$ cat run_19.cif   # mmCIF, C-alpha atoms
data_protein
loop_
_atom_site.label_atom_id
_atom_site.label_comp_id
_atom_site.auth_asym_id
_atom_site.auth_seq_id
_atom_site.Cartn_x
_atom_site.Cartn_y
_atom_site.Cartn_z
CA ARG A 27 -1.81 -17.51 0.42
CA ASP A 28 -1.13 -16.22 -3.09
CA VAL A 29 1.06 -16.55 -6.19
CA TYR A 30 3.91 -14.06 -6.44
CA GLY A 31 6.47 -13.44 -9.18
CA ILE A 32 10.00 -12.04 -9.10
CA ARG A 33 11.49 -10.60 -12.26
CA GLY A 34 14.66 -8.76 -13.16
CA ALA A 35 17.75 -8.78 -15.36
CA SER A 36 20.53 -11.31 -14.85
CA GLY A 37 22.33 -10.43 -11.64
CA ALA A 38 19.42 -8.45 -10.20
CA GLY A 39 19.18 -10.78 -7.21
CA LYS A 40 16.22 -13.03 -8.08
CA THR A 41 17.74 -16.37 -7.14
CA THR A 42 19.44 -14.80 -4.14
CA VAL A 43 16.03 -13.75 -2.84
CA LEU A 44 14.73 -17.31 -3.23
CA ASN A 45 17.79 -18.72 -1.48
CA MET A 46 17.35 -16.32 1.44
CA LEU A 47 13.64 -17.09 1.71
CA GLY A 48 14.46 -20.79 1.57
CA GLY A 49 17.03 -20.51 4.35
CA MET A 50 19.97 -21.45 2.11
CA ASP A 51 21.56 -17.97 2.23
CA THR A 52 21.58 -15.36 4.97
CA CYS A 53 20.81 -11.68 4.49
CA ASP A 54 23.32 -8.94 5.35
CA GLU A 55 20.57 -6.59 6.44
CA GLY A 56 16.82 -6.52 6.75
CA THR A 57 14.47 -9.17 8.12
CA ILE A 58 12.76 -12.23 6.63
CA LEU A 59 9.43 -13.09 8.25
CA LEU A 60 7.24 -16.13 7.68
CA ASP A 61 3.95 -16.29 9.59
CA GLY A 62 5.44 -13.91 12.14
CA GLU A 63 8.64 -15.94 12.61
CA LYS A 64 11.96 -14.23 11.94
CA VAL A 65 13.64 -16.65 9.51
CA SER A 66 16.69 -14.39 9.30
CA SER A 67 17.38 -15.06 13.01
CA PHE A 68 17.07 -18.87 12.94
CA ASP A 69 20.01 -20.88 14.24
CA LYS A 70 21.41 -23.80 12.24
CA LYS A 71 19.10 -26.39 13.82
CA ARG A 72 15.97 -24.30 13.28
CA LEU A 73 17.00 -23.53 9.70
CA THR A 74 17.32 -27.24 8.96
CA THR A 75 13.82 -27.81 10.36
CA TYR A 76 12.50 -24.84 8.40
CA ARG A 77 13.94 -26.10 5.09
CA ARG A 78 12.69 -29.60 5.77
CA TYR A 79 9.11 -28.83 6.81
CA ASP A 80 8.10 -25.27 5.90
CA VAL A 81 9.50 -24.78 2.39
CA GLY A 82 9.23 -26.74 -0.85
CA PHE A 83 11.57 -26.14 -3.80
CA VAL A 84 10.79 -26.55 -7.51
CA PHE A 85 13.76 -26.25 -9.86
CA GLN A 86 13.98 -25.49 -13.57
CA PHE A 87 15.64 -28.80 -14.45
CA TYR A 88 13.57 -30.95 -12.05
CA ASN A 89 16.52 -32.41 -10.03
CA LEU A 90 14.97 -35.88 -10.04
CA MET A 91 17.07 -38.96 -9.23
CA PRO A 92 17.22 -40.90 -12.53
CA ASN A 93 17.58 -44.33 -10.91
CA LEU A 94 14.54 -43.91 -8.64
CA THR A 95 10.90 -44.31 -9.62
CA VAL A 96 8.52 -41.36 -9.61
CA LEU A 97 7.11 -42.52 -6.27
CA GLU A 98 10.58 -42.94 -4.74
CA ASN A 99 11.58 -39.45 -5.92
CA VAL A 100 8.57 -37.92 -4.21
CA GLU A 101 9.20 -39.95 -1.05
CA LEU A 102 12.91 -39.04 -0.82
CA PRO A 103 12.66 -35.77 1.17
CA LEU A 104 10.24 -37.50 3.56
CA LEU A 105 12.78 -40.27 4.08
CA TYR A 106 15.39 -37.69 5.09
CA ALA A 107 12.80 -36.10 7.39
CA GLY A 108 12.36 -39.40 9.24
CA VAL A 109 8.77 -40.02 8.13
CA SER A 110 7.67 -43.66 8.46
CA ALA A 111 7.48 -45.83 5.34
CA ALA A 112 3.69 -46.12 5.45
CA GLU A 113 3.18 -42.37 5.85
CA ARG A 114 5.79 -41.61 3.16
CA HIS A 115 3.92 -43.79 0.72
CA GLU A 116 0.53 -42.31 1.56
CA ARG A 117 1.72 -38.70 1.32
CA ALA A 118 3.64 -39.31 -1.91
CA ILE A 119 0.64 -40.95 -3.61
CA ARG A 120 -1.62 -38.12 -2.44
CA SER A 121 0.81 -35.53 -3.84
CA LEU A 122 1.04 -37.35 -7.17
CA GLU A 123 -2.76 -37.44 -7.34
CA ARG A 124 -2.82 -33.66 -6.89
CA VAL A 125 -0.66 -33.19 -9.98
CA GLY A 126 -2.43 -35.92 -11.99
CA LEU A 127 0.43 -38.42 -12.05
CA ALA A 128 -0.58 -41.19 -9.65
CA ASP A 129 -0.69 -43.61 -12.60
CA LYS A 130 3.02 -42.93 -13.29
CA CYS A 131 4.31 -43.79 -9.82
CA LYS A 132 6.30 -46.83 -11.02
CA ASN A 133 7.88 -45.05 -13.98
CA LEU A 134 11.43 -43.75 -14.07
CA PRO A 135 11.95 -40.03 -14.85
CA SER A 136 13.35 -40.91 -18.28
CA GLN A 137 9.97 -42.42 -19.20
CA LEU A 138 8.18 -39.10 -18.64
CA SER A 139 7.88 -35.93 -20.70
CA GLY A 140 9.50 -32.72 -19.49
CA GLY A 141 6.17 -31.38 -18.29
CA GLN A 142 5.46 -34.58 -16.37
CA GLN A 143 8.89 -34.50 -14.73
CA GLN A 144 8.26 -30.94 -13.59
CA ARG A 145 4.93 -32.02 -12.13
CA VAL A 146 6.78 -34.77 -10.23
CA SER A 147 9.06 -32.09 -8.78
CA ILE A 148 5.95 -30.18 -7.67
CA ALA A 149 4.54 -33.34 -6.08
CA ARG A 150 7.86 -33.80 -4.26
CA ALA A 151 7.63 -30.23 -2.94
CA LEU A 152 3.99 -30.71 -1.89
CA ALA A 153 4.60 -34.01 -0.07
CA GLY A 154 6.13 -32.15 2.86
CA ASN A 155 3.02 -29.95 3.21
CA PRO A 156 5.08 -26.74 3.03
CA SER A 157 3.74 -23.28 3.80
CA VAL A 158 5.68 -21.85 0.85
CA ILE A 159 6.74 -23.24 -2.53
CA LEU A 160 9.77 -21.53 -4.08
CA ALA A 161 10.05 -22.09 -7.84
CA ASP A 162 13.12 -20.98 -9.82
CA GLU A 163 12.25 -20.64 -13.53
CA PRO A 164 9.78 -23.56 -13.31
CA THR A 165 8.69 -23.25 -16.96
CA GLY A 166 12.10 -22.43 -18.43
CA ALA A 167 12.71 -25.92 -19.83
CA LEU A 168 9.13 -26.60 -20.96
CA ASP A 169 7.29 -26.17 -24.23
CA SER A 170 4.32 -23.80 -24.27
CA ARG A 171 1.69 -26.52 -23.74
CA SER A 172 3.55 -28.11 -20.81
CA ALA A 173 4.18 -24.67 -19.32
CA LYS A 174 0.48 -23.79 -19.42
CA LEU A 175 -0.49 -27.12 -17.83
CA LEU A 176 2.07 -26.55 -15.07
CA LEU A 177 0.89 -23.00 -14.40
CA ASP A 178 -2.74 -24.11 -14.33
CA ARG A 179 -1.70 -26.69 -11.73
CA PHE A 180 0.08 -24.04 -9.65
CA GLU A 181 -2.99 -21.84 -9.84
CA ALA A 182 -5.25 -24.69 -8.72
CA LEU A 183 -2.98 -25.63 -5.82
CA ASN A 184 -2.96 -22.06 -4.60
CA ARG A 185 -6.71 -21.70 -5.07
CA GLU A 186 -7.17 -24.80 -2.91
CA GLY A 187 -5.16 -23.04 -0.19
CA ARG A 188 -2.34 -25.58 -0.16
CA ALA A 189 0.62 -23.16 -0.34
CA THR A 190 1.89 -19.69 -1.10
CA ILE A 191 3.85 -19.89 -4.37
CA LEU A 192 6.77 -17.62 -5.22
CA MET A 193 8.18 -17.89 -8.74
CA VAL A 194 11.29 -16.43 -10.32
CA THR A 195 10.63 -16.10 -14.03
CA HIS A 196 11.92 -14.15 -17.05
CA ASP A 197 8.80 -14.97 -19.05
CA ALA A 198 5.86 -12.53 -19.22
CA PHE A 199 3.34 -15.30 -19.93
CA THR A 200 4.41 -17.19 -16.80
CA ALA A 201 4.38 -13.98 -14.75
CA SER A 202 0.79 -13.26 -15.85
CA TYR A 203 -0.35 -16.17 -13.66
CA CYS A 204 0.89 -14.35 -10.55
CA ARG A 205 -1.22 -12.07 -8.37
CA ARG A 206 1.69 -9.73 -7.64
CA ILE A 207 5.05 -9.24 -9.37
CA LEU A 208 8.16 -7.64 -7.93
CA PHE A 209 10.63 -6.19 -10.43
CA LEU A 210 14.20 -6.22 -9.09
CA GLN A 211 17.16 -4.13 -10.16
CA ASP A 212 20.59 -4.25 -8.48
CA GLY A 213 19.21 -6.14 -5.50
CA ALA A 214 16.34 -3.74 -4.78
CA VAL A 215 12.65 -3.62 -5.69
CA LEU A 216 12.34 -1.23 -8.63
CA THR A 217 8.57 -1.43 -8.97
CA GLN A 218 5.73 -3.91 -8.55
CA LEU A 219 2.44 -4.84 -10.17
CA GLU A 220 -0.75 -6.29 -8.71
CA ARG A 221 -3.21 -8.16 -10.89
CA GLY A 222 -6.28 -7.20 -8.90
CA GLY A 223 -9.52 -8.11 -10.66
CA GLN A 224 -8.23 -7.89 -14.22
CA SER A 225 -7.95 -10.88 -16.54
CA ARG A 226 -4.70 -12.74 -17.06
CA ARG A 227 -4.56 -11.43 -20.64
CA ALA A 228 -4.91 -7.83 -19.46
CA PHE A 229 -2.27 -8.40 -16.78
CA PHE A 230 0.07 -9.81 -19.43
CA GLN A 231 -0.29 -6.58 -21.42
CA GLN A 232 0.41 -4.56 -18.29
CA ILE A 233 3.60 -6.56 -17.69
CA ILE A 234 4.74 -5.90 -21.25
CA GLY A 235 4.03 -2.22 -20.70
CA VAL A 236 6.32 -2.13 -17.66
CA VAL A 237 9.04 -3.94 -19.61
CA THR A 238 8.76 -1.36 -22.38
CA ARG A 239 8.96 1.55 -19.94
CA LEU A 240 12.08 0.04 -18.41
CA GLY A 241 13.68 0.06 -21.84
CA GLY A 242 13.99 -3.63 -22.62
CA ASP A 243 12.13 -6.61 -24.02
CA GLN A 244 10.45 -9.39 -22.08
CA SER A 245 13.17 -11.96 -22.69
CA ASP A 246 16.29 -10.25 -21.43
CA VAL A 247 15.28 -7.47 -19.08
CA LEU A 248 12.64 -9.18 -16.99
#
$ encode --input "run_19.cif" --output "structure tokens"
Amino acid sequence: RDVYGIRGASGAGKTTVLNMLGGMDTCDEGTILLDGEKVSSFDKKRLTTYRRYDVGFVFQFYNLMPNLTVLENVELPLLYAGVSAAERHERAIRSLERVGLADKCKNLPSQLSGGQQQRVSIARALAGNPSVILADEPTGALDSRSAKLLLDRFEALNREGRATILMVTHDAFTASYCRRILFLQDGAVLTQLERGGQSRRAFFQQIIGVVTRLGGDQSDVL
């Protein structure tokens, strides 16, 4: 289990990769494997099960239901999965505790900050105990402090062995929290970086160096 990043210019295929990994799009060629299972060969029924139980999604703009409480938002995917009311409640509370928001379970999303809402979306993803969390620009709508808190939470969740995390991000600071980064161009992997034993600050500088060599700046090329 690790934290991976995907970067690339607009149209490079970043979100398409997430959608294929999440079972929402199919690939024209190649193979998608998860724990030895060929996701790219799943039939419709198996794909539904895969999306419901194996993958958690975290979106840039949270996608929370405004008329539901924080607890109800986290419970919602479990309701669709047919989980009993008692187990839904227990798993949702446990997920909210993991992201430090158990005390906000009765609040509506509008009563939370942007960073807190994003943490609710992470709790919702975690409630299903997924093998993989797919995050599309998870810090894109956050201020720098909220972004750092969120990334620290991601790092802790991965360190605890709870899930592999795959993030699409245009931001070098966010990418520096990853252990490996794939740089896409025209739907193909152009190059990749591995953090290894270096510090996050040193990795950040390495990312900027790759951006410079590719002839762009960190905001619009990667």
$ closest_residue --input "run_19.cif" --among "A:Arg78, A:Arg185, A:Arg120, A:Arg171" --to "A:Pro156" --atoms "only C-alpha atoms"
A:Arg78
$ closest_residue --input "run_19.cif" --among "A:Ser136, A:Asn155, A:Thr42, A:Thr95" --to "A:Val81" --atoms "all atoms listed in the file"
A:Asn155
$ closest_residue --input "run_19.cif" --among "A:Leu219, A:Leu104, A:Leu168, A:Ile234" --to "A:Cys204" --atoms "all atoms listed in the file"
A:Leu219
$ atom_distance --input "run_19.cif" --atom1 "atom CA of A:Gly39" --atom2 "atom CA of A:Leu175"
27.7 Å
$ resolve_selection --input "run_19.cif" --expression "the PyMOL selection byres ((chain A and resi 205) around 7)" --output "list in words"
Asp28, Val29, Tyr30, Tyr203, Cys204, Arg206, Ile207, Glu220 and Arg221 of chain A
$ residues_around --input "run_19.cif" --residues "A:Ile119" --least-positions-apart "5" --cutoff "8 Å" --atoms "only C-alpha atoms" --output "PyMOL selection string"
chain A and resi 97+128+131
$ write_last_selection --input "run_19.cif" --atoms "C-alpha atoms" --output "compact mmCIF listing (two decimals), in the coordinates of the input"
# COMPACT_ATOMS: atom_id res chain seq x y z
CA LEU A 97 7.11 -42.52 -6.27
CA ALA A 128 -0.58 -41.19 -9.65
CA CYS A 131 4.31 -43.79 -9.82
$ resolve_selection --input "run_19.cif" --expression "the PyMOL selection byres ((chain A and resi 34) around 6)" --output "PyMOL selection string"
chain A and resi 33+35+38+209-210+248
$ residues_around --input "run_19.cif" --residues "A:Leu208" --least-positions-apart "3" --cutoff "7 Å" --atoms "all atoms listed in the file" --output "ChimeraX atom specification"
/A:31-33,215,217-219
$ atom_distance --input "run_19.cif" --atom1 "atom CA of A:Thr238" --atom2 "atom CA of A:Leu44"
25.6 Å
$ closest_atom_pairs --input "run_19.cif" --of "stretch 101-177 of chain A" --to "stretch 82-93 of chain A" --cutoff "12 Å" --atoms "only C-alpha atoms" --output "tab-separated table"
residue	atom	partner	partner_atom	distance
A:Glu101	CA	A:Met91	CA	11.4
A:Leu102	CA	A:Met91	CA	9.4
A:Pro103	CA	A:Gly82	CA	9.9
A:Leu104	CA	A:Gly82	CA	11.7
A:Lys132	CA	A:Asn93	CA	11.6
A:Asn133	CA	A:Asn93	CA	10.2
A:Leu134	CA	A:Pro92	CA	6.6
A:Pro135	CA	A:Pro92	CA	5.8
A:Ser136	CA	A:Pro92	CA	6.9
A:Gln137	CA	A:Pro92	CA	10.0
A:Leu138	CA	A:Pro92	CA	11.1
A:Ser139	CA	A:Tyr88	CA	11.5
A:Gly140	CA	A:Tyr88	CA	8.7
A:Gly141	CA	A:Tyr88	CA	9.7
A:Gln142	CA	A:Tyr88	CA	9.9
A:Gln143	CA	A:Tyr88	CA	6.5
A:Gln144	CA	A:Tyr88	CA	5.5
A:Arg145	CA	A:Tyr88	CA	8.7
A:Val146	CA	A:Tyr88	CA	8.0
A:Ser147	CA	A:Tyr88	CA	5.7
A:Ile148	CA	A:Val84	CA	6.1
A:Ala149	CA	A:Val84	CA	9.3
A:Arg150	CA	A:Gly82	CA	8.0
A:Ala151	CA	A:Gly82	CA	4.4
A:Leu152	CA	A:Gly82	CA	6.7
A:Ala153	CA	A:Gly82	CA	8.7
A:Gly154	CA	A:Gly82	CA	7.3
A:Asn155	CA	A:Gly82	CA	8.1
A:Pro156	CA	A:Gly82	CA	5.7
A:Ser157	CA	A:Gly82	CA	8.0
A:Val158	CA	A:Gly82	CA	6.3
A:Ile159	CA	A:Gly82	CA	4.6
A:Leu160	CA	A:Phe83	CA	5.0
A:Ala161	CA	A:Val84	CA	4.5
A:Asp162	CA	A:Phe85	CA	5.3
A:Glu163	CA	A:Gln86	CA	5.1
A:Pro164	CA	A:Gln86	CA	4.6
A:Thr165	CA	A:Gln86	CA	6.7
A:Gly166	CA	A:Gln86	CA	6.0
A:Ala167	CA	A:Gln86	CA	6.4
A:Leu168	CA	A:Gln86	CA	8.9
A:Ala173	CA	A:Gln86	CA	11.4
A:Leu176	CA	A:Val84	CA	11.5
$ resolve_selection --input "run_19.cif" --expression "the PyMOL selection byres ((chain A and resi 52) around 12)" --output "PyMOL selection string"
chain A and resi 42-51+53-58+64-70+73
$ atom_distance --input "run_19.cif" --atom1 "atom CA of A:Val194" --atom2 "atom CA of A:Thr41"
7.2 Å
